[in-house]
Amino acid sequence: MDTHTPMHTEADGLDLRHHGDAEVRDDGAALVDLAVNVRAGTPPAWLREHVAASLGSLAAYPDGRAARAAVAARHGLPVERVLLTAGAAEAFVLLARALKVRRPVVVHPQFTEPEAALRDAGHTVGRVLLRAADGFRLDPAAVPEDADLVVVGNPTNPTSVLHPADVLASLARPGRTLVVDEAFMDAVPGEREALAGRTDVPGLVVLRSLTKTWGLAGLRIGYVLADPETVAGLERAQPLWPVSTPALAAAEACVAPRALAEAAHAAHRVAADRDRLVAGLTLFAGAGVRVVGPAEGPFVLVGVPDGAAVRHRLRDLGYAVRRGDTFPGLGGGWLRLAVRDRATTEGFLSALERTLTATATATEPA
C-alpha cells in the first residue's frame, strides 16, 4: 500500500477531480455521451412534473422531514439513521471533515472524490490498489489492520466489479468506519450484495445517490445510512438547509413503490444492454481489447492499446468516453464506457472498429 502527502488532489500526477462530465463540456457537448454514468432518457416525465410542482413552495425554507422519513422507510430504518445530502459527493466531504480519523484508506481504482475530499481536509490517505490480474477483486487481507476509515465502492466505479457483501462486511473492525459507496447499486438487478439497511455491521456507513438512475445530476440529491451518532456528527458539519426543496421532492418520489418498481425494471434493461455491449467488445480481443468482467454496473471498464489515441479518434467520430488514467491504479490504456441502448451501442462499436483499425495502421512499422 502506498501512502501519500495530504492536501494534494493531483497526487502522483493524477487529477482526482477529473470526472466524466469533463468529456462532454464545451466542444464535447455535441458528442454521443458514453462518458457520464447517468442513465439516458432521464429524468422521466412523471418525475420532472413532480419536481416542477414543488417550485410553488420555494418561498419557504426546505423541510426535509418527509423525504428523510421516506428514505428511512424504503430501507426499513429509523429516521435517525438517515441523512439527506446534496448528492453522494457532499457526503464524502462531510465524512472527511467530521470524522476524527488517523489512518484513512481508500480502495482503488474507484471514484476519486473520496480521496480528494480527505486530502482537502488535511488527511494523509493510504491506498489499496486492486490489480487487473485479479479482476480488480478485493482481498480483505490487503486492507491494513490499523486503518480506521476504509472507503470502497460497490459496484465499483470504474471497474463495474460487484464485491460480495460478506467480503465487505468482513472489513468491519472496532473503532473503524467502513464507508461503502452504493451510488450505482440500484442499477444492479435485485440490488444483490447491498449493505444498505444493515444494522449488524459495526461502523458501517452506506452512501446512496439518486442522480444516476433518475437523471438528477443537476439537482444533487443523495443520502447517508449510518448509526445515529455518525449521522448526527455529519449533520453538524452540514450548512443549514443543505438540500433544496425540489431535491427533497425528488428524493421522496424516487423511493416510493412506483419508482422502485420502475428502477428495478430499468436495472434489468441496463443489464441486457450491458451484455450486448460486452459481447460486441469481446469481438475485438484480437485487436488487444480486454473487458473487465463480469461487469455488474451501468458501465464497463475496457483496456485498449494506446488509450489516449483511441479516445481522441473516437471523439473525432462523434463519441465521448471516460479516460481511465485519472483513476489511481489504472493507466492510459483504460477507458470506461457507459451502457447505452442497442442503437447507440451498435454505432459505437462500429466507430471503435474504425478507430482500432486506424490505430493499428498508425503503429505499423514503415
# chains A, B, ... in the order shown; residues from 1 in each chain; ligands from 1
>>> closest_atom_pairs(of="stretch 15-116 of chain A", to="stretch 124-144 of chain A", cutoff="9 Å", atoms="only C-alpha atoms", output="CSV")
residue,atom,partner,partner_atom,distance
A:Arg102,CA,A:Thr124,CA,8.2
A:Arg103,CA,A:Val125,CA,7.0
A:Pro104,CA,A:Val125,CA,5.5
A:Val105,CA,A:Gly126,CA,4.5
A:Val106,CA,A:Arg127,CA,5.1
A:Val107,CA,A:Val128,CA,4.7
A:His108,CA,A:Leu129,CA,4.9
A:Pro109,CA,A:Leu129,CA,6.5
A:Glu115,CA,A:Val125,CA,6.8
>>> select_by_dssp(residues="stretch 138-349 of chain A", states="strand (DSSP E)", output="ChimeraX atom specification")
/A:149-153,177-181,204-209,222-225,290-291,299-303,319-323,334-338
>>> write_last_selection(atoms="N, CA, C and O atoms", output="compact mmCIF listing (two decimals), in the first residue's frame")
# COMPACT_ATOMS: atom_id res chain seq x y z
N LEU A 149 -10.49 4.21 8.83
CA LEU A 149 -11.51 4.58 7.85
C LEU A 149 -11.17 3.85 6.55
O LEU A 149 -10.05 3.98 6.04
N VAL A 150 -12.12 3.09 6.04
CA VAL A 150 -11.93 2.37 4.78
C VAL A 150 -13.06 2.76 3.85
O VAL A 150 -14.24 2.71 4.25
N VAL A 151 -12.72 3.15 2.63
CA VAL A 151 -13.72 3.56 1.64
C VAL A 151 -13.63 2.63 0.45
O VAL A 151 -12.54 2.43 -0.12
N VAL A 152 -14.76 2.07 0.05
CA VAL A 152 -14.80 1.16 -1.10
C VAL A 152 -16.13 1.33 -1.82
O VAL A 152 -17.16 1.58 -1.19
N GLY A 153 -16.12 1.22 -3.13
CA GLY A 153 -17.34 1.33 -3.92
C GLY A 153 -17.91 -0.03 -4.25
O GLY A 153 -17.17 -1.01 -4.42
N THR A 177 -14.43 3.04 10.76
CA THR A 177 -15.59 3.41 9.96
C THR A 177 -15.42 2.79 8.57
O THR A 177 -14.40 3.00 7.92
N LEU A 178 -16.40 2.03 8.16
CA LEU A 178 -16.39 1.36 6.86
C LEU A 178 -17.40 2.05 5.96
O LEU A 178 -18.61 1.95 6.18
N VAL A 179 -16.91 2.77 4.96
CA VAL A 179 -17.77 3.52 4.05
C VAL A 179 -17.92 2.72 2.75
O VAL A 179 -16.91 2.46 2.07
N VAL A 180 -19.14 2.36 2.42
CA VAL A 180 -19.42 1.64 1.18
C VAL A 180 -20.27 2.55 0.29
O VAL A 180 -21.39 2.92 0.66
N ASP A 181 -19.70 2.90 -0.84
CA ASP A 181 -20.38 3.78 -1.80
C ASP A 181 -21.25 2.92 -2.71
O ASP A 181 -20.74 2.24 -3.60
N LEU A 204 -20.55 0.78 9.99
CA LEU A 204 -20.91 0.84 8.57
C LEU A 204 -21.57 2.16 8.21
O LEU A 204 -22.49 2.63 8.89
N VAL A 205 -21.10 2.77 7.12
CA VAL A 205 -21.72 3.95 6.53
C VAL A 205 -21.96 3.63 5.06
O VAL A 205 -21.01 3.31 4.33
N VAL A 206 -23.21 3.68 4.62
CA VAL A 206 -23.55 3.41 3.23
C VAL A 206 -24.01 4.70 2.58
O VAL A 206 -24.82 5.44 3.15
N LEU A 207 -23.47 4.98 1.40
CA LEU A 207 -23.85 6.16 0.65
C LEU A 207 -24.67 5.73 -0.56
O LEU A 207 -24.34 4.77 -1.25
N ARG A 208 -25.75 6.46 -0.81
CA ARG A 208 -26.58 6.22 -1.99
C ARG A 208 -26.77 7.52 -2.75
O ARG A 208 -26.80 8.61 -2.17
N SER A 209 -26.89 7.39 -4.07
CA SER A 209 -27.16 8.52 -4.95
C SER A 209 -28.46 8.29 -5.69
O SER A 209 -28.77 7.15 -6.05
N GLY A 222 -28.75 12.83 -2.67
CA GLY A 222 -28.28 11.52 -2.24
C GLY A 222 -28.53 11.39 -0.75
O GLY A 222 -29.17 12.26 -0.14
N TYR A 223 -28.02 10.31 -0.16
CA TYR A 223 -28.22 10.17 1.29
C TYR A 223 -27.20 9.23 1.90
O TYR A 223 -26.54 8.45 1.21
N VAL A 224 -27.07 9.34 3.22
CA VAL A 224 -26.18 8.53 4.02
C VAL A 224 -27.02 7.66 4.94
O VAL A 224 -28.01 8.14 5.52
N LEU A 225 -26.63 6.40 5.08
CA LEU A 225 -27.23 5.49 6.05
C LEU A 225 -26.14 5.08 7.03
O LEU A 225 -25.13 4.51 6.62
N ARG A 290 -9.59 -5.69 -24.02
CA ARG A 290 -9.95 -6.59 -22.92
C ARG A 290 -11.00 -5.93 -22.05
O ARG A 290 -10.91 -4.73 -21.75
N VAL A 291 -11.98 -6.70 -21.65
CA VAL A 291 -13.11 -6.20 -20.87
C VAL A 291 -13.02 -6.75 -19.46
O VAL A 291 -12.86 -7.96 -19.27
N PHE A 299 -21.91 0.50 -16.51
CA PHE A 299 -20.72 0.93 -17.23
C PHE A 299 -19.77 -0.25 -17.30
O PHE A 299 -19.89 -1.23 -16.55
N VAL A 300 -18.80 -0.15 -18.22
CA VAL A 300 -17.85 -1.23 -18.45
C VAL A 300 -16.45 -0.62 -18.53
O VAL A 300 -16.26 0.44 -19.15
N LEU A 301 -15.47 -1.28 -17.92
CA LEU A 301 -14.09 -0.85 -18.00
C LEU A 301 -13.39 -1.70 -19.06
O LEU A 301 -13.45 -2.93 -19.04
N VAL A 302 -12.72 -1.01 -19.98
CA VAL A 302 -12.13 -1.66 -21.14
C VAL A 302 -10.67 -1.25 -21.27
O VAL A 302 -10.34 -0.06 -21.18
N GLY A 303 -9.80 -2.24 -21.48
CA GLY A 303 -8.41 -1.97 -21.79
C GLY A 303 -8.20 -1.98 -23.29
O GLY A 303 -8.70 -2.87 -23.98
N TYR A 319 -17.93 10.29 -30.53
CA TYR A 319 -18.23 9.56 -29.30
C TYR A 319 -17.30 10.00 -28.17
O TYR A 319 -16.07 10.04 -28.34
N ALA A 320 -17.89 10.32 -27.02
CA ALA A 320 -17.12 10.67 -25.83
C ALA A 320 -17.09 9.48 -24.88
O ALA A 320 -18.15 8.91 -24.55
N VAL A 321 -15.89 9.10 -24.44
CA VAL A 321 -15.74 8.04 -23.45
C VAL A 321 -14.90 8.59 -22.30
O VAL A 321 -14.21 9.60 -22.43
N ARG A 322 -14.96 7.92 -21.18
CA ARG A 322 -14.26 8.38 -19.97
C ARG A 322 -12.84 7.84 -19.95
O ARG A 322 -12.64 6.63 -20.00
N ARG A 323 -11.86 8.72 -19.89
CA ARG A 323 -10.46 8.29 -19.78
C ARG A 323 -10.25 7.60 -18.45
O ARG A 323 -10.86 7.96 -17.43
N TRP A 334 -6.77 2.39 -20.33
CA TRP A 334 -8.10 2.02 -19.85
C TRP A 334 -9.12 3.11 -20.20
O TRP A 334 -8.84 4.30 -20.09
N LEU A 335 -10.32 2.66 -20.58
CA LEU A 335 -11.44 3.55 -20.86
C LEU A 335 -12.68 3.01 -20.16
O LEU A 335 -12.88 1.80 -20.08
N ARG A 336 -13.52 3.90 -19.67
CA ARG A 336 -14.81 3.50 -19.09
C ARG A 336 -15.92 3.88 -20.05
O ARG A 336 -15.98 5.03 -20.51
N LEU A 337 -16.81 2.94 -20.31
CA LEU A 337 -17.90 3.15 -21.25
C LEU A 337 -19.24 3.02 -20.52
O LEU A 337 -19.51 1.99 -19.89
N ALA A 338 -20.07 4.03 -20.61
CA ALA A 338 -21.41 3.94 -20.05
C ALA A 338 -22.27 3.05 -20.93
O ALA A 338 -22.12 3.02 -22.15
>>> closest_residue(among="A:Ala53, A:Ala358, A:Val101, A:Leu84", to="A:Ala287", atoms="only C-alpha atoms")
A:Ala358
>>> closest_residue(among="A:Leu234, A:Gly28, A:Asp148, A:Arg176", to="A:His312", atoms="only C-alpha atoms")
A:Gly28
>>> closest_residue(among="A:Asn157, A:Thr345, A:Thr355, A:Ser57", to="A:Asp316", atoms="only C-alpha atoms")
A:Thr355
>>> decode(residues="stretch 118-130 of chain A", atoms="all heavy atoms", output="PDB file, in the first residue's frame")
ATOM      1  N   LEU A 118     -10.750  13.831   1.340  1.00  0.00           N
ATOM      2  CA  LEU A 118      -9.913  13.559   2.503  1.00  0.00           C
ATOM      3  C   LEU A 118      -8.634  14.385   2.458  1.00  0.00           C
ATOM      4  O   LEU A 118      -8.206  14.952   3.474  1.00  0.00           O
ATOM      5  CB  LEU A 118      -9.583  12.068   2.570  1.00  0.00           C
ATOM      6  CG  LEU A 118     -10.722  11.153   3.028  1.00  0.00           C
ATOM      7  CD1 LEU A 118     -10.426   9.703   2.671  1.00  0.00           C
ATOM      8  CD2 LEU A 118     -10.946  11.298   4.538  1.00  0.00           C
ATOM      9  N   ARG A 119      -8.015  14.477   1.294  1.00  0.00           N
ATOM     10  CA  ARG A 119      -6.805  15.268   1.166  1.00  0.00           C
ATOM     11  C   ARG A 119      -7.083  16.749   1.441  1.00  0.00           C
ATOM     12  O   ARG A 119      -6.312  17.431   2.123  1.00  0.00           O
ATOM     13  CB  ARG A 119      -6.209  15.093  -0.230  1.00  0.00           C
ATOM     14  CG  ARG A 119      -5.606  13.726  -0.468  1.00  0.00           C
ATOM     15  CD  ARG A 119      -5.032  13.592  -1.876  1.00  0.00           C
ATOM     16  NE  ARG A 119      -4.447  12.282  -2.056  1.00  0.00           N
ATOM     17  CZ  ARG A 119      -3.239  11.917  -1.615  1.00  0.00           C
ATOM     18  NH1 ARG A 119      -2.496  12.800  -0.970  1.00  0.00           N
ATOM     19  NH2 ARG A 119      -2.786  10.705  -1.824  1.00  0.00           N
ATOM     20  N   ASP A 120      -8.185  17.241   0.899  1.00  0.00           N
ATOM     21  CA  ASP A 120      -8.525  18.648   1.110  1.00  0.00           C
ATOM     22  C   ASP A 120      -8.779  18.948   2.588  1.00  0.00           C
ATOM     23  O   ASP A 120      -8.600  20.085   3.036  1.00  0.00           O
ATOM     24  CB  ASP A 120      -9.762  19.018   0.290  1.00  0.00           C
ATOM     25  CG  ASP A 120      -9.461  19.160  -1.192  1.00  0.00           C
ATOM     26  OD1 ASP A 120      -8.270  19.188  -1.553  1.00  0.00           O
ATOM     27  OD2 ASP A 120     -10.416  19.224  -1.990  1.00  0.00           O
ATOM     28  N   ALA A 121      -9.218  17.928   3.337  1.00  0.00           N
ATOM     29  CA  ALA A 121      -9.466  18.109   4.766  1.00  0.00           C
ATOM     30  C   ALA A 121      -8.197  17.918   5.596  1.00  0.00           C
ATOM     31  O   ALA A 121      -8.255  17.988   6.828  1.00  0.00           O
ATOM     32  CB  ALA A 121     -10.544  17.138   5.237  1.00  0.00           C
ATOM     33  N   GLY A 122      -7.059  17.681   4.922  1.00  0.00           N
ATOM     34  CA  GLY A 122      -5.790  17.606   5.630  1.00  0.00           C
ATOM     35  C   GLY A 122      -5.330  16.221   6.011  1.00  0.00           C
ATOM     36  O   GLY A 122      -4.346  16.068   6.739  1.00  0.00           O
ATOM     37  N   HIS A 123      -6.022  15.192   5.532  1.00  0.00           N
ATOM     38  CA  HIS A 123      -5.652  13.826   5.886  1.00  0.00           C
ATOM     39  C   HIS A 123      -4.567  13.274   4.966  1.00  0.00           C
ATOM     40  O   HIS A 123      -4.520  13.598   3.774  1.00  0.00           O
ATOM     41  CB  HIS A 123      -6.877  12.902   5.797  1.00  0.00           C
ATOM     42  CG  HIS A 123      -7.974  13.245   6.752  1.00  0.00           C
ATOM     43  ND1 HIS A 123      -7.913  12.947   8.095  1.00  0.00           N
ATOM     44  CD2 HIS A 123      -9.170  13.864   6.557  1.00  0.00           C
ATOM     45  CE1 HIS A 123      -9.020  13.362   8.686  1.00  0.00           C
ATOM     46  NE2 HIS A 123      -9.804  13.928   7.774  1.00  0.00           N
ATOM     47  N   THR A 124      -3.724  12.438   5.511  1.00  0.00           N
ATOM     48  CA  THR A 124      -2.812  11.623   4.721  1.00  0.00           C
ATOM     49  C   THR A 124      -3.569  10.351   4.348  1.00  0.00           C
ATOM     50  O   THR A 124      -4.076   9.654   5.226  1.00  0.00           O
ATOM     51  CB  THR A 124      -1.546  11.264   5.510  1.00  0.00           C
ATOM     52  OG1 THR A 124      -0.860  12.470   5.850  1.00  0.00           O
ATOM     53  CG2 THR A 124      -0.634  10.366   4.693  1.00  0.00           C
ATOM     54  N   VAL A 125      -3.663  10.078   3.067  1.00  0.00           N
ATOM     55  CA  VAL A 125      -4.541   9.000   2.582  1.00  0.00           C
ATOM     56  C   VAL A 125      -3.718   7.819   2.107  1.00  0.00           C
ATOM     57  O   VAL A 125      -2.811   7.970   1.275  1.00  0.00           O
ATOM     58  CB  VAL A 125      -5.438   9.508   1.431  1.00  0.00           C
ATOM     59  CG1 VAL A 125      -6.394   8.410   0.979  1.00  0.00           C
ATOM     60  CG2 VAL A 125      -6.214  10.747   1.878  1.00  0.00           C
ATOM     61  N   GLY A 126      -4.032   6.644   2.621  1.00  0.00           N
ATOM     62  CA  GLY A 126      -3.418   5.418   2.144  1.00  0.00           C
ATOM     63  C   GLY A 126      -4.260   4.807   1.051  1.00  0.00           C
ATOM     64  O   GLY A 126      -5.472   5.022   0.982  1.00  0.00           O
ATOM     65  N   ARG A 127      -3.606   4.068   0.179  1.00  0.00           N
ATOM     66  CA  ARG A 127      -4.306   3.428  -0.935  1.00  0.00           C
ATOM     67  C   ARG A 127      -4.092   1.915  -0.910  1.00  0.00           C
ATOM     68  O   ARG A 127      -2.974   1.455  -0.671  1.00  0.00           O
ATOM     69  CB  ARG A 127      -3.799   3.945  -2.280  1.00  0.00           C
ATOM     70  CG  ARG A 127      -4.152   5.381  -2.588  1.00  0.00           C
ATOM     71  CD  ARG A 127      -3.503   5.800  -3.898  1.00  0.00           C
ATOM     72  NE  ARG A 127      -3.849   7.183  -4.242  1.00  0.00           N
ATOM     73  CZ  ARG A 127      -3.273   7.860  -5.214  1.00  0.00           C
ATOM     74  NH1 ARG A 127      -2.318   7.291  -5.953  1.00  0.00           N
ATOM     75  NH2 ARG A 127      -3.635   9.102  -5.470  1.00  0.00           N
ATOM     76  N   VAL A 128      -5.166   1.194  -1.172  1.00  0.00           N
ATOM     77  CA  VAL A 128      -5.073  -0.218  -1.505  1.00  0.00           C
ATOM     78  C   VAL A 128      -5.395  -0.311  -2.988  1.00  0.00           C
ATOM     79  O   VAL A 128      -6.508   0.018  -3.406  1.00  0.00           O
ATOM     80  CB  VAL A 128      -6.053  -1.066  -0.679  1.00  0.00           C
ATOM     81  CG1 VAL A 128      -6.087  -2.499  -1.197  1.00  0.00           C
ATOM     82  CG2 VAL A 128      -5.660  -1.058   0.791  1.00  0.00           C
ATOM     83  N   LEU A 129      -4.421  -0.723  -3.781  1.00  0.00           N
ATOM     84  CA  LEU A 129      -4.580  -0.765  -5.232  1.00  0.00           C
ATOM     85  C   LEU A 129      -4.919  -2.183  -5.675  1.00  0.00           C
ATOM     86  O   LEU A 129      -4.087  -3.096  -5.549  1.00  0.00           O
ATOM     87  CB  LEU A 129      -3.302  -0.282  -5.920  1.00  0.00           C
ATOM     88  CG  LEU A 129      -2.870   1.147  -5.616  1.00  0.00           C
ATOM     89  CD1 LEU A 129      -1.569   1.469  -6.327  1.00  0.00           C
ATOM     90  CD2 LEU A 129      -3.950   2.140  -6.019  1.00  0.00           C
ATOM     91  N   LEU A 130      -6.130  -2.373  -6.185  1.00  0.00           N
ATOM     92  CA  LEU A 130      -6.528  -3.670  -6.716  1.00  0.00           C
ATOM     93  C   LEU A 130      -5.927  -3.841  -8.104  1.00  0.00           C
ATOM     94  O   LEU A 130      -5.708  -2.868  -8.829  1.00  0.00           O
ATOM     95  CB  LEU A 130      -8.048  -3.770  -6.765  1.00  0.00           C
ATOM     96  CG  LEU A 130      -8.776  -3.485  -5.441  1.00  0.00           C
ATOM     97  CD1 LEU A 130     -10.263  -3.741  -5.600  1.00  0.00           C
ATOM     98  CD2 LEU A 130      -8.193  -4.315  -4.310  1.00  0.00           C
TER      99      LEU A 130
END
